[in-house]
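Report on the following structure.
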Amino acid sequence: MLVWQRVRPIVVHRLRPPWSFAQKFSVLADFEASPAWSNLPKTIHPYLNLLHNKRVLVVGDGDFSFSRAIAEYNVCKVLHTSTLETPESLRQFYPSSSFAIRKIHQQGGRVLFRVDACSIKATVSNELNDGTEPLYDVVLWNFPHVPGKQNIRYNRELLVLFLQSAPSVLSDDGCVLVTLVGGQSGFVSPTKNTVTNESWNQSWKLMEQVGKAGLLITEQGPFAWQTLPHYQPLGRLGNRGWFDAKDAEYFRIQKPGRGRQALQAPLFSHEVHLWLRHDQLATIDLDDFETSAKRHIEDLLQRTMTALQTDVVIADKEAFLQSLDVVDVYRGPKDPAYDGSPADAVVVLQWTIAAQRRPWDRDIADRCRVIVEEQLPHRLGTVSRSSRVGTRVSQALPWYVTHELQALHRPDTTAHTVDQSSDASTSSLYASKIQLRRQQLDIASAFLRHESQRYQPTSTTTDETSKLDMAQYGLWQRRVGILLHRRSFD
């Protein structure tokens, strides 16, 4: 007895999960007498609604505690749960799994071994061994992870392989469910944006992996796993592998189809450098030039996407072009492919694209880029700068960049009004935050007043350098003018 009293606190400390045992067991007691899933806390209902009365396949369930929970509370019409382990290795890593498996069997569920989440159809068929094609309404994986501490690239690759494999056993209206720890996905919250450049680069970039698999993220919400009796997330270390799945969230992923639209999609950026004749510099209207370029690019994107994806039927016209800006005007070096005047200049169009109703990844975006580079100059009556043609579109950018870029074109909306009592913030194309404080706005305003006196256009202006300066100043004035919201800070 004396030995037990000395050892017990040590054992409890090492095995205690991140939440309170008392809290966990109080949840169990509340629902022990009423095993109906509708009586579970409402915080888990949005997730369970996706499983209710569905044929469900669970992959990578670890100790099967999740499958036991949804089996005992009669959530699914058909429940098949699986693991990559063999029965022997499962008992080694998760000793408590045997009890959970018995409970699943008692409720009519089925446990499958040696099922590879990256090759689902073949391995599930082999385990079922009944001559039928496996077909499910939901395939889900909670907290997928490559075993051990791995380079984040391997987890991204794991997601792509899983998402490419899962549709092979899905019904037409089926979905894939993936749950991740908060901040792991790189997904922008609809209520609060916590994504930054750094967090995006360190995330699994779920949107990008879903796009590579040709699927869409159609729903996102909190995964209140703490309210599921019996369930506790475990790593591959078994009973000592508890981890705190803080702010966990689920993602519903579906095949493209009529009426389906991704909440967020991979965003890609590119620049087009076009030669301008020197006689255009003094008279160019940047707004008109942008409007014309936008109209032509939207048309080219529509035609290109329709030609590339003839099997995708979308009832409504989709907007692929998220933003378009003239970002620079400069004197370009002599171009062997352009026989123009040395006084000619280059205008730079920067555009971002995304598709929310179709399969969408970097390769598809780059094929759109090729068409735009080939045909846009002819439509605008210009010529591309040859040294700037052929570069691939950017890596996938976080979705919140879209809203920041579009905000620059809405200076009259209340949400983006620059106010003397508050900071104004925006983003560059690559989403590095720019905080414009009162003092900085004063400096910018003074600069514009000074420069406007220096570069007032006149009917006698002939100097080519002055024309270029005026074009550059007009561009700068528009950029800063949007941030100033046409207000005086004298």
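Here's how to read the names in the structure tokens: chain A, B, ... by the order shown, residue numbers from 1 in each chain, ligand numbers from 1 in the order shown.
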
Leaving out Arg367 (chain A) and any residue of its chain fewer than 6 positions from it, which residues lie within 10 Å of it when counting only C-alpha atoms, given as a VMD selection string?
chain A and resid 301 304 to 305 308 392 to 393

Quick one: residues within 7 Å of region 284-294 of chain A, only C-alpha atoms counted, chain neighbours fewer than 3 positions away excluded, as a PyMOL selection string?
chain A and resi 280-281+297-298+324-326

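Counting from CA of Lys212 (chain A), the distance to CA of Ser189 (chain A) is 21.7 Å.
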
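CA of Ile104 (chain A) to CA of Arg68 (chain A) spans 5.4 Å [interatomic distance, one decimal].
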
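By chain and then residue number, the residues within 10 Å of Ile70 (chain A) are A:Pro35, A:Ala36, A:Trp37, A:Leu48, A:Leu51, A:His52, A:Ser65, A:Val75, A:Cys76, A:Leu79, A:Ile104, A:Gln107, A:Gly109, A:Leu228, A:Pro229, A:His230, A:Tyr231, counting only C-alpha atoms and disregarding those fewer than 5 positions away in sequence.
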
Taking N, CA, C and O atoms for each residue, export the selection above as a compact mmCIF listing (two decimals), in the first residue's frame.
# COMPACT_ATOMS: atom_id res chain seq x y z
N PRO A 35 -28.05 6.71 -25.08
CA PRO A 35 -27.10 6.61 -26.18
C PRO A 35 -27.65 7.08 -27.52
O PRO A 35 -27.56 6.38 -28.51
N ALA A 36 -28.26 8.27 -27.55
CA ALA A 36 -28.74 8.85 -28.80
C ALA A 36 -27.86 10.03 -29.14
O ALA A 36 -27.64 10.91 -28.30
N TRP A 37 -27.34 10.07 -30.37
CA TRP A 37 -26.38 11.12 -30.70
C TRP A 37 -26.99 12.51 -30.62
O TRP A 37 -26.31 13.50 -30.39
N LEU A 48 -21.49 15.88 -36.70
CA LEU A 48 -22.22 14.61 -36.73
C LEU A 48 -23.33 14.60 -37.78
O LEU A 48 -23.68 13.54 -38.30
N LEU A 51 -22.42 12.91 -40.84
CA LEU A 51 -22.31 11.44 -40.77
C LEU A 51 -23.66 10.75 -40.57
O LEU A 51 -23.77 9.53 -40.77
N HIS A 52 -24.67 11.50 -40.19
CA HIS A 52 -25.94 10.91 -39.79
C HIS A 52 -26.58 10.12 -40.93
O HIS A 52 -26.80 10.64 -42.03
N SER A 65 -11.12 4.84 -30.70
CA SER A 65 -12.01 5.48 -29.73
C SER A 65 -13.02 6.39 -30.42
O SER A 65 -14.16 6.52 -29.95
N VAL A 75 -24.77 6.93 -34.94
CA VAL A 75 -24.68 8.06 -35.85
C VAL A 75 -24.83 7.62 -37.30
O VAL A 75 -25.55 8.24 -38.08
N CYS A 76 -24.19 6.52 -37.67
CA CYS A 76 -24.07 6.14 -39.08
C CYS A 76 -25.04 5.02 -39.47
O CYS A 76 -25.45 4.20 -38.65
N LEU A 79 -21.02 1.64 -40.77
CA LEU A 79 -19.74 2.11 -40.27
C LEU A 79 -18.66 1.07 -40.53
O LEU A 79 -18.72 -0.04 -40.01
N ILE A 104 -17.53 -1.69 -31.12
CA ILE A 104 -17.90 -1.40 -32.51
C ILE A 104 -18.62 -2.58 -33.13
O ILE A 104 -19.65 -2.44 -33.81
N GLN A 107 -22.24 -3.00 -32.09
CA GLN A 107 -23.17 -2.05 -32.72
C GLN A 107 -23.29 -2.27 -34.23
O GLN A 107 -23.90 -1.44 -34.92
N GLY A 109 -20.81 -2.41 -36.47
CA GLY A 109 -19.73 -1.84 -37.26
C GLY A 109 -18.71 -2.89 -37.65
O GLY A 109 -18.74 -4.03 -37.16
N LEU A 228 -17.21 14.36 -27.36
CA LEU A 228 -17.51 12.98 -27.77
C LEU A 228 -17.05 12.02 -26.68
O LEU A 228 -15.84 11.90 -26.43
N PRO A 229 -17.94 11.34 -26.01
CA PRO A 229 -17.54 10.36 -24.99
C PRO A 229 -16.61 9.31 -25.56
O PRO A 229 -16.75 8.90 -26.72
N HIS A 230 -15.65 8.89 -24.79
CA HIS A 230 -14.69 7.83 -25.10
C HIS A 230 -13.56 8.29 -26.01
O HIS A 230 -12.54 7.61 -26.10
N TYR A 231 -13.72 9.41 -26.73
CA TYR A 231 -12.75 9.78 -27.76
C TYR A 231 -11.64 10.66 -27.19
O TYR A 231 -11.90 11.62 -26.47

With only C-alpha atoms as the counted atoms, please give the residues lying no more than 12 Å from Ser98 (chain A), apart from itself and same-chain residues fewer than 4 positions off, as a PyMOL selection string.
chain A and resi 62-65+68+87-94+102-105+111

Cut-off 9 Å: closest region 123-172 of chain A/region 244-258 of chain A atom pairs per residue, using only C-alpha atoms, as CSV:
residue,atom,partner,partner_atom,distance
A:Asn142,CA,A:Tyr250,CA,8.4
A:Phe143,CA,A:Ala245,CA,8.5
A:Leu163,CA,A:Ile253,CA,8.8
A:Pro167,CA,A:Lys255,CA,7.8
A:Asp172,CA,A:Lys255,CA,8.0

Residue set, region 237-404 of chain A restricted to helix (DSSP H, G or I), as a PyMOL selection string:
chain A and resi 238-240+278-281+286-308+362-380+386-388+400-404

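Using only C-alpha atoms, the protein and nucleic acid residues lying no more than 10 Å from Val59 (chain A), apart from those fewer than 3 places from it along its own chain, are Val56, Gly62, Phe64, Ser67, His80, Thr81, Ser82, Thr83, Leu84, Leu112, Phe113, Val115, Asp116, Ala117, Ile120, Val139, Leu140, Trp141, Asn142, Pro144 and Phe162 of chain A.
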